[in-house]
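What follows is a short report on a single structure.
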Amino acid sequence: MGEETDLSGIRGVRRQVANALRALRRRILTPGVSATKLGTRGFNEKSPQARELLETIGESFLAGYAHVAGSRSAREAEQRLETIPTRFRGFAYEGAGMGAAVLDALPFTGGRRTGDLLAGRGDDHLYMVYVGVGWAMARLPRFLWPDVSAYDPLLRWLVLDGYGFHQAYFHTGRYVHARFRDPDFPWTADRFRWYAGHAIDQGVGRAMWFVGGTDVELVATMIDGFPEERRADLYAGAGLAASYAGGADEGELLAFWERAGGYRPQIAQGCAFAAEARQRAGLVVPHTLLATRVFCDMTPEQAARISEKARPDGPVQGEVPAYEVWRRRIADEFASLGRC
């Protein structure tokens, strides 16, 4: 009897220590909410409504990050993630992807949290989780970067999209205003190392939707200040953000479409990506309907179907990665429909 009591006491102490460590880990690993405030970031504030939207997105991202950092398992984190409101749940899974990748990089954690996350409901948010892994790369020292060569060879470029978003969001002066681009990014996942800058720019373009506070004229002006060879990727990223995050009404989206000129196929492609991501996760909301109507002249379901049909079935032989082939097919499809 005494031995059983002792064992029970030891187990209780272990549970208390484990809970304390998880709480400590959550506090240490989770960025402060103030980091998501537009005023803190120095981003444009178009209106109180736009500010509230963008700050809620940031808070939802951090909530997802914290749920993973403070949970005993991916399953437990998933139960918390599913309580996030529909409009913002995808951003929470993005934060969860970052949190999982950071945990996997730490000693004594088993390195399985990202895989466990994707084995459950995270698979419906696969795109967002991969983007979140890119955030982790931006925060971790290079020797702790995840081995993305083990990821889906078509979608792993989204990791660099997430990296680019992080850099433009937190190092705005350098990546947006000074238009910095790493000429030799250390991408070793495949032979298309030269394409890394293009994938990163798509993330920079997404972040510019936030930097500009969803002000379409300001976002377009910032993009047009970049070298011409970078604008297609930047407009694609901004189009994706406008469609997935929202924050602009019909008139504003039409103005952005007009400003884009020859880059309209890229905006439509980014919109189709956003539609597929929301459709896959069951998170289609009114602003997605609006964006696909303005940018694609169709419903989110139809735009998502174009993205799905254009996806390469396997490796593509040629001088560009399958991911870029996919993007071009989508853009060309919208151009062939006469939409662009």
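Residue numbering restarts at 1 in every chain; chains get A, B, ... in the order shown in the structure tokens, and ligands count up from 1 in that same order.
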Please provide as a PyMOL selection string all residues within 10 Å of segment 229-239 of chain A, with the sequence filter that same-chain residues fewer than 4 positions apart are discarded (counting only C-alpha atoms).
-> chain A and resi 161+165+179+181+197-210+214+216+219-220+222-225+243-246+253+256-257+260+262-274+291+295+327+331
Please identify which residues in segment 27-234 of chain A DSSP calls helix (DSSP H, G or I) from the backbone, and express them as an MDAnalysis selection string.
-> chainID A and resid 27:29 33:36 38:41 48:69 74:81 86:105 113:119 121:139 142:144 148:150 157:170 172:177 193:211 216:224 228:234
Selection file, C-alpha atoms, as a short mmCIF file (atom, residue, chain, number, x, y, z; two decimals), in the first residue's frame:
```cif
data_model
loop_
_atom_site.label_atom_id
_atom_site.label_comp_id
_atom_site.auth_asym_id
_atom_site.auth_seq_id
_atom_site.Cartn_x
_atom_site.Cartn_y
_atom_site.Cartn_z
CA ARG A 27 5.61 31.79 -22.30
CA ILE A 28 9.15 31.63 -23.67
CA LEU A 29 8.27 30.62 -27.22
CA VAL A 33 0.68 40.28 -28.78
CA SER A 34 2.05 43.82 -29.09
CA ALA A 35 4.15 42.57 -32.02
CA THR A 36 0.93 42.25 -34.06
CA LEU A 38 -0.08 48.04 -36.62
CA GLY A 39 1.21 50.93 -34.54
CA THR A 40 4.06 48.80 -33.22
CA ARG A 41 4.95 47.67 -36.72
CA PRO A 48 -10.31 51.31 -37.57
CA GLN A 49 -12.04 48.34 -39.21
CA ALA A 50 -8.97 47.40 -41.27
CA ARG A 51 -6.74 47.78 -38.23
CA GLU A 52 -8.98 45.53 -36.15
CA LEU A 53 -9.05 42.90 -38.90
CA LEU A 54 -5.29 42.77 -39.37
CA GLU A 55 -4.57 42.79 -35.65
CA THR A 56 -7.09 40.00 -35.06
CA ILE A 57 -5.34 37.98 -37.75
CA GLY A 58 -2.05 38.49 -35.91
CA GLU A 59 -3.60 37.54 -32.60
CA SER A 60 -5.11 34.40 -34.15
CA PHE A 61 -1.70 33.42 -35.51
CA LEU A 62 -0.19 33.80 -32.04
CA ALA A 63 -3.06 31.83 -30.50
CA GLY A 64 -2.29 28.93 -32.83
CA TYR A 65 1.39 29.18 -31.99
CA ALA A 66 0.63 29.19 -28.28
CA HIS A 67 -1.78 26.24 -28.54
CA VAL A 68 0.98 24.08 -30.01
CA ALA A 69 3.68 25.37 -27.66
CA ALA A 74 -0.70 17.77 -31.61
CA ARG A 75 -4.12 16.26 -30.92
CA GLU A 76 -4.61 18.43 -27.85
CA ALA A 77 -3.50 21.50 -29.80
CA GLU A 78 -5.89 20.61 -32.61
CA GLN A 79 -8.87 20.61 -30.24
CA ARG A 80 -7.99 24.17 -29.25
CA LEU A 81 -7.31 25.28 -32.82
CA THR A 86 -13.92 30.35 -39.06
CA ARG A 87 -12.54 33.53 -40.61
CA PHE A 88 -9.33 33.36 -38.58
CA ARG A 89 -8.80 29.62 -38.09
CA GLY A 90 -6.46 29.29 -41.06
CA PHE A 91 -4.14 31.89 -39.54
CA ALA A 92 -4.18 29.95 -36.28
CA TYR A 93 -3.04 26.83 -38.14
CA GLU A 94 -0.31 28.93 -39.75
CA GLY A 95 0.87 29.88 -36.28
CA ALA A 96 0.58 26.24 -35.25
CA GLY A 97 2.88 25.31 -38.13
CA MET A 98 5.47 27.74 -36.85
CA GLY A 99 5.10 26.50 -33.29
CA ALA A 100 5.42 22.85 -34.34
CA ALA A 101 8.54 23.52 -36.39
CA VAL A 102 10.15 25.45 -33.53
CA LEU A 103 9.37 22.64 -31.09
CA ASP A 104 10.78 20.07 -33.50
CA ALA A 105 14.05 21.99 -33.56
CA ARG A 113 5.18 17.69 -33.83
CA THR A 114 4.88 19.01 -37.41
CA GLY A 115 4.22 15.53 -38.77
CA ASP A 116 1.68 14.85 -36.03
CA LEU A 117 -0.07 18.14 -36.77
CA LEU A 118 -0.35 17.26 -40.46
CA ALA A 119 -1.57 13.76 -39.64
CA ARG A 121 -6.90 18.26 -39.04
CA GLY A 122 -3.74 20.10 -39.95
CA ASP A 123 -3.79 18.30 -43.30
CA ASP A 124 -6.82 20.37 -44.30
CA HIS A 125 -4.66 23.43 -43.61
CA LEU A 126 -1.55 21.99 -45.27
CA TYR A 127 -0.74 25.17 -47.17
CA MET A 128 -0.98 27.31 -44.04
CA VAL A 129 1.09 24.90 -41.95
CA TYR A 130 3.88 24.92 -44.55
CA VAL A 131 3.82 28.73 -44.56
CA GLY A 132 4.10 28.64 -40.76
CA VAL A 133 7.19 26.45 -41.02
CA GLY A 134 8.73 29.28 -43.02
CA TRP A 135 8.14 31.62 -40.09
CA ALA A 136 10.07 29.18 -37.91
CA MET A 137 12.97 29.19 -40.37
CA ALA A 138 13.12 32.96 -40.11
CA ARG A 139 13.36 32.72 -36.31
CA ARG A 142 20.27 28.06 -39.74
CA PHE A 143 21.67 24.87 -38.22
CA LEU A 144 18.22 24.20 -36.69
CA VAL A 148 12.19 20.57 -45.96
CA SER A 149 13.50 18.09 -48.53
CA ALA A 150 11.23 15.59 -46.75
CA TRP A 157 8.06 26.28 -51.80
CA LEU A 158 5.32 27.62 -49.51
CA VAL A 159 7.88 27.41 -46.71
CA LEU A 160 9.84 30.16 -48.46
CA ASP A 161 6.62 32.11 -48.97
CA GLY A 162 6.24 32.06 -45.18
CA TYR A 163 9.87 33.07 -44.73
CA GLY A 164 9.36 36.03 -47.05
CA PHE A 165 6.21 37.13 -45.25
CA HIS A 166 8.02 37.06 -41.89
CA GLN A 167 10.95 39.09 -43.18
CA ALA A 168 8.76 41.74 -44.77
CA TYR A 169 6.49 41.88 -41.72
CA PHE A 170 9.24 42.18 -39.11
CA THR A 172 9.87 46.03 -43.28
CA GLY A 173 12.47 48.73 -43.77
CA ARG A 174 14.90 46.33 -45.39
CA TYR A 175 12.62 43.97 -47.31
CA VAL A 176 9.87 46.39 -48.39
CA HIS A 177 11.18 49.94 -48.36
CA ARG A 193 17.93 27.04 -55.88
CA TRP A 194 17.67 30.07 -58.16
CA TYR A 195 13.88 30.08 -57.70
CA ALA A 196 14.08 30.76 -53.96
CA GLY A 197 13.89 34.52 -54.47
CA HIS A 198 10.66 34.18 -56.44
CA ALA A 199 8.99 32.10 -53.73
CA ILE A 200 10.19 34.52 -51.05
CA ASP A 201 8.83 37.48 -53.04
CA GLN A 202 5.38 35.89 -53.06
CA GLY A 203 5.50 36.03 -49.26
CA VAL A 204 6.81 39.60 -49.35
CA GLY A 205 3.85 40.52 -51.54
CA ARG A 206 1.43 38.94 -49.07
CA ALA A 207 3.01 40.90 -46.24
CA MET A 208 2.71 44.13 -48.20
CA TRP A 209 -1.07 43.79 -47.96
CA PHE A 210 -0.57 44.08 -44.19
CA VAL A 211 2.13 46.77 -44.39
CA VAL A 216 -4.98 49.06 -52.39
CA GLU A 217 -3.47 52.23 -53.83
CA LEU A 218 -0.64 52.18 -51.30
CA VAL A 219 0.01 48.46 -51.79
CA ALA A 220 0.12 48.85 -55.59
CA THR A 221 2.39 51.87 -55.31
CA MET A 222 4.81 49.96 -53.10
CA ILE A 223 4.87 47.01 -55.49
CA ASP A 224 5.38 49.25 -58.51
CA GLU A 228 9.91 45.04 -62.89
CA GLU A 229 11.18 41.45 -62.78
CA ARG A 230 9.92 41.09 -59.19
CA ARG A 231 6.44 42.56 -59.56
CA ALA A 232 4.66 39.46 -60.89
CA ASP A 233 5.48 37.50 -57.73
CA LEU A 234 4.65 40.45 -55.49
#
```
